[in-house]
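A.B. asks: I have a structure here, written as C-alpha cells, and I will follow up with some questions on it.
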Amino acid sequence: METSNKITFFLLIALFTCACSPLKYVREGDFLLERVKIENDTREVKRAELKKVIRQKPNTRMLALGRFHLGLYNLSGRDTTKRVNRWLRSIGEAPVIYDPLLTGRSVRQMEIALHNKGYYKATVSDSVYFKKRKAYVRYRVDTGPLTRIKELSFGGRGRGQAGDPGLFDTYYRDTATTLLRIGQPLDVDLLDNERERVTRMLREKGYFNFSKDFVHFFADSTLASDSKGENARLSVRLVDNAGDSSLSRRYFVRDIRVDMDYDQLAVMGGEDTVSSRVDYNGYTIVYRDKLKINPKVIVETIQINRNELYNITQVLETYARLQALNLFRFINIEFEEGAGESQVKPLDCTIRLTPLKRQSYSLSVEGTNASGNLGIGGSFTYNHRNLFRGGEDFSTSLWGAVKKERLRENTSSFNTREIGVEVKFVTPQFWMPVFWMKNFRRDFAPKTLLSFSYGFEDTPYYTRAIINTSFGYLWRKNDKRWRYNLNIVDMNYVFMNNVVSSFIDSIKNEYVKSAYTDHMILAAGFSATYTSRPAAERTSYNYFRLNIESAGNLLWAIDRIGDRNRRGTAAGEDLHYKSLGVRYAQFVKTDAEFRYHWSVNQASSLVWRLMLGCAYPYGNMKVLPHEEAYYCGGANDLRAWQARTLGPGAFVNESTGKRWYPNSVGDVKLAANAEYRFKLFWILEGAAFVDAGNVWNINTKEDRQDALLKRDFYKQVAVGTGVGLRFNANYFLLRFDLGVKVRDPARPPGDRFILFSGAGATRRSNFNIAIGYPF
C-alpha cells in the first residue's frame, strides 16, 4: 500500500492547494471574477452556446478540487527571481480580475450570436454584484421573437451577365435539394451551410473557379408577424463578376501528370532534377533514376478522370487515397488552366509525390501490462513499405517478454516467459475478383490483409503454443468515420504441453478445466468501428464498435457431410470431431461497445463507456475456449479487481493454497465505466472513476453455484471506485490507478456493500499500472 499512500499524500497536497486564499494576488480595489451566470427566457437557445462568446470567464474549476490551478499560482512567492516561484506561476493560472470593458464586449458578442440565430430583436443586459472583493456577473438574455423564413425564392444573376449561362441553369435545377425550407429560422449558420453546399455542388460539375463568395442572400424582414414570431422573405442569388468570366466557366481535366519523386528542397536549391517519363493509360508518370512504384497502383488510386469535368470531390478523394497508401510524406495536387477557344476550358493536373523511406527497422525495450500483470519485454521489427513495387506493406516482428502473474489476489505470483514472431502483409489491392467490385474499390479504398504469428508461453504449471493465421479485408468510408474489418479466415491452434497434474486437479470445475486442452478455432468475423472525433482535441465526441464472430461451422458441416466418426467418451455430449488432430471449437460471439467523451472545459473531461458481449458455445465444443471467453477486472476494466478474479456471477472460489489461478471467465459480459479526467500541472493529470459490471455463464455445463445468468443478474453487479494519476507526454501516457471495491457480489446478499467496512482494506483495493488511457 506504499504507492496508494503516495497518492493519498498527493491528494492532500491538492486539497491544501485549493484551500489557499484565492485573493492572494488580487490587488486592493480589484475584484476576483467569482462567477458568471446567464439567465435566459427560452430553452431554444442553449446557454452553453452563449458561454462560448463571453470574453471573460472565471478561473477554471474542477470537480472536487475547485480552482486547483489558481491555487498553484497562489502558492508562488512574490519574488519572481526565484525559479520555484516562476515555475508555480507557469503551471498555475493567474486570478481573473473583473473587467467592465470585457463585460460590455461580452454583451455585444452575445447579441450578435443571437442575431445570427434569427433573434434579431434580442437584447442582453448585465449586472454585477460585489462581495468580499469578489465579482458576480449576471447576464440577462431577452431573445425576443424568432424570425423565420416565410417566403423563399431563388433569384437571377444579379450584377454582371458574362460567363456560362449554364451555371445558373445548373443551380436552379439543384434547388430541390436546398437546405433551406419555409418555416426554418433565419439562421446564419444555416445560410453558411447552404452556401457551402451550393459551392461544393457547382465545383463538382466543372466550375473550377467558383467561390462561395458568389452566393448571396437577401432578406426582407418587413413582412407581417404571426403567432410564431417574425417573418422574412429570403432570396438566394448567384452573383458573378462581369470582369472575370472564368468564375462562371466550366473546365475539364485534359492531362494528368504524376511526379513520383518530387523533391521540393532540390527544386528550390536549383539541383539537377532531370527526370524520365512514361505514359500509362493516358497518364504521364515522371520519375528519377528508377521507377520504384508500379504505375498501376497510383493510377488506380487517382480518382480524377481525364476528359471529364473538374470535380472537387474527386480531388479530395485522391488526396485521401494517396495518403492511405502510406507511401508518401508529401502530396500536392495542382491545376493549371490551359489555352482553348471552346466554351469548356481545359485544366492540366499535376500530382506531386514525395516518397517515404521504403525500409525501416526498430528495436525497443518496454514495460508491459496485460490486464494489470506487469513485466518487461523487447521487440525487433522490420518494415518494407513497397515490397513488390505495388504499395505492399510487409512487416515482421520478433518479441520476447517476462511478466509476473498473480496466483491469488494480492498474494503469491509467478513468472511467465513469452517469445513469438509475427509476419504481416497488407496490400492496397483488393483480392476479391467480383465484377461489381470496381466501384467498391473506388469508394472505400479497401486493403487485403494476411498475417501469421507464433507465440510460446512458459509457466511453472504449463507451456502453451499458439499458432495464428488470418486473411481478410480492411476498408473505410471517405469521411474516415466508419472503418470495417472482414476476416474471411481467422485460425488459431492452441497446444497445451507439460501441464502439471496437480494444477489441473486443483481446478474442480470441468467447464474451466476444458480451457487447458488442445483445441483449434477456425473463425470468420466482421467488425465495424465509428468515431465522430474531430480534429479539435477539446470537442466532445463518441465512439462505437460492433464485432460479430462465428467459429467451427464450416468444419462441422464438412464432417457431417463426410459422415466422419466422432471421438471421445461414450457419453453423447462429449463426443466430438477433430481437425488436424485436435478438437475444434464451435461458437457464435458478438459484442458492442459505446463511449462518449464530453469536454467539460479546457482542463477537464468526462468519459463514459458501456460494453455488452455474449458468446454461445455449442456443437463440437460446448464450452467457450479460454482465449475467447469474457472476463472482468484489470487495468482497463473494473480496476478494483485483478484480471479474471471477478465472477462469474456471485461465484466464490474456495480453492486454497498457492495453486489457485485466476479463471473467472464467462459467456456474457456487462461493463459500465465513468471517468472524470482533469489536468493538474506539467504533464500530470488526475482522474476519479467508477466501474461496474460482471461476467456470467449461459452454458448448461456450468455447475458452479450462482455463476449462471438469471433474471436477478443485476443483484450480482460489482461496483468499484478509485482515483488515478497519469503522466501524459502526448506520445506516451503512464497511468497509475488505485481501485477500491464498493460492492462485491462474492459476499453474501445483504453484506455486499463493503466500501466503509472496517477490516480488510488491503483486500478491498487494487493498484494498477498501465500504459495509455483505459478507454
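Note on naming: chains are A, B, ... as they come in the C-alpha cells, residues start from 1 per chain, ligands start from 1 in the order shown.
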With a distance cut-off of 10 Å and only C-alpha atoms, select the neighbouring residues of Asn332 (chain A), excluding the residue or stretch itself and same-chain residues fewer than 4 positions from it, and output the selection as a list in words.
C.D. replies: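 In the requested format, the answer is Asp259, Tyr262, Tyr319, Thr350, Ile351, Arg352, Leu353 and Thr354 of chain A.
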A.B. asks: For the residues in that selection, give me N, CA, C and O atoms as a compact mmCIF listing (two decimals), in the first residue's frame.
C.D. replies:
```
# COMPACT_ATOMS: atom_id res chain seq x y z
N ASP A 259 4.27 13.27 -60.68
CA ASP A 259 5.70 13.35 -60.37
C ASP A 259 5.94 12.44 -59.17
O ASP A 259 5.60 12.77 -58.03
N TYR A 262 9.11 13.84 -56.37
CA TYR A 262 9.22 15.29 -56.23
C TYR A 262 10.00 15.63 -54.97
O TYR A 262 9.74 15.12 -53.88
N TYR A 319 -6.60 12.83 -52.69
CA TYR A 319 -5.72 13.12 -51.55
C TYR A 319 -5.83 12.01 -50.50
O TYR A 319 -4.81 11.48 -50.01
N THR A 350 -1.35 18.37 -62.14
CA THR A 350 -0.04 17.86 -61.74
C THR A 350 -0.13 17.36 -60.31
O THR A 350 -0.53 18.11 -59.40
N ILE A 351 0.22 16.10 -60.12
CA ILE A 351 0.22 15.49 -58.78
C ILE A 351 1.67 15.26 -58.38
O ILE A 351 2.39 14.49 -59.02
N ARG A 352 2.11 15.94 -57.33
CA ARG A 352 3.49 15.84 -56.87
C ARG A 352 3.56 14.97 -55.62
O ARG A 352 2.86 15.25 -54.63
N LEU A 353 4.40 13.95 -55.65
CA LEU A 353 4.52 12.98 -54.57
C LEU A 353 5.97 12.88 -54.11
O LEU A 353 6.87 12.70 -54.93
N THR A 354 6.17 13.01 -52.82
CA THR A 354 7.49 12.83 -52.23
C THR A 354 7.47 11.54 -51.41
O THR A 354 6.74 11.46 -50.41
```
A.B. asks: Given the choices A:Asp187, A:Glu317, A:Asp458, A:Glu308, which gets closest to Ile419 (chain A) if the distance is worked out from only C-alpha atoms?
C.D. replies: A:Asp458
A.B. asks: From the list A:Glu28, A:Asp226, A:Asp41, A:Glu151, which residue is nearest Lys132 (chain A) when using only C-alpha atoms?
C.D. replies: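 Once distances to Lys132 (chain A) are computed over only C-alpha atoms, the minimum belongs to A:Glu28.
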A.B. asks: Excluding Phe456 (chain A) and residues on its chain fewer than 6 positions from it, collect all residues at most 10 Å away from it, counting only C-alpha atoms, and give them as a PyMOL selection string.
C.D. replies: chain A and resi 400+417-421+463-467+494-495
A.B. asks: Those same residues, written as an mmCIF file, in the first residue's frame with C-alpha atoms?
C.D. replies:
```
data_model
loop_
_atom_site.group_PDB
_atom_site.id
_atom_site.type_symbol
_atom_site.label_atom_id
_atom_site.label_comp_id
_atom_site.auth_asym_id
_atom_site.auth_seq_id
_atom_site.Cartn_x
_atom_site.Cartn_y
_atom_site.Cartn_z
ATOM 1 C CA GLY A 400 10.003 -11.680 -26.021
ATOM 2 C CA ARG A 417 8.056 -16.115 -20.219
ATOM 3 C CA GLU A 418 6.839 -15.416 -23.740
ATOM 4 C CA ILE A 419 8.502 -15.406 -27.140
ATOM 5 C CA GLY A 420 6.963 -15.070 -30.559
ATOM 6 C CA VAL A 421 7.130 -13.993 -34.162
ATOM 7 C CA THR A 463 3.521 -24.439 -21.571
ATOM 8 C CA ARG A 464 1.299 -23.221 -24.359
ATOM 9 C CA ALA A 465 1.934 -22.666 -28.064
ATOM 10 C CA ILE A 466 -0.486 -20.611 -30.167
ATOM 11 C CA ILE A 467 -0.314 -20.511 -33.945
ATOM 12 C CA VAL A 494 -3.611 -23.939 -29.234
ATOM 13 C CA PHE A 495 -1.312 -26.696 -27.967
#
```
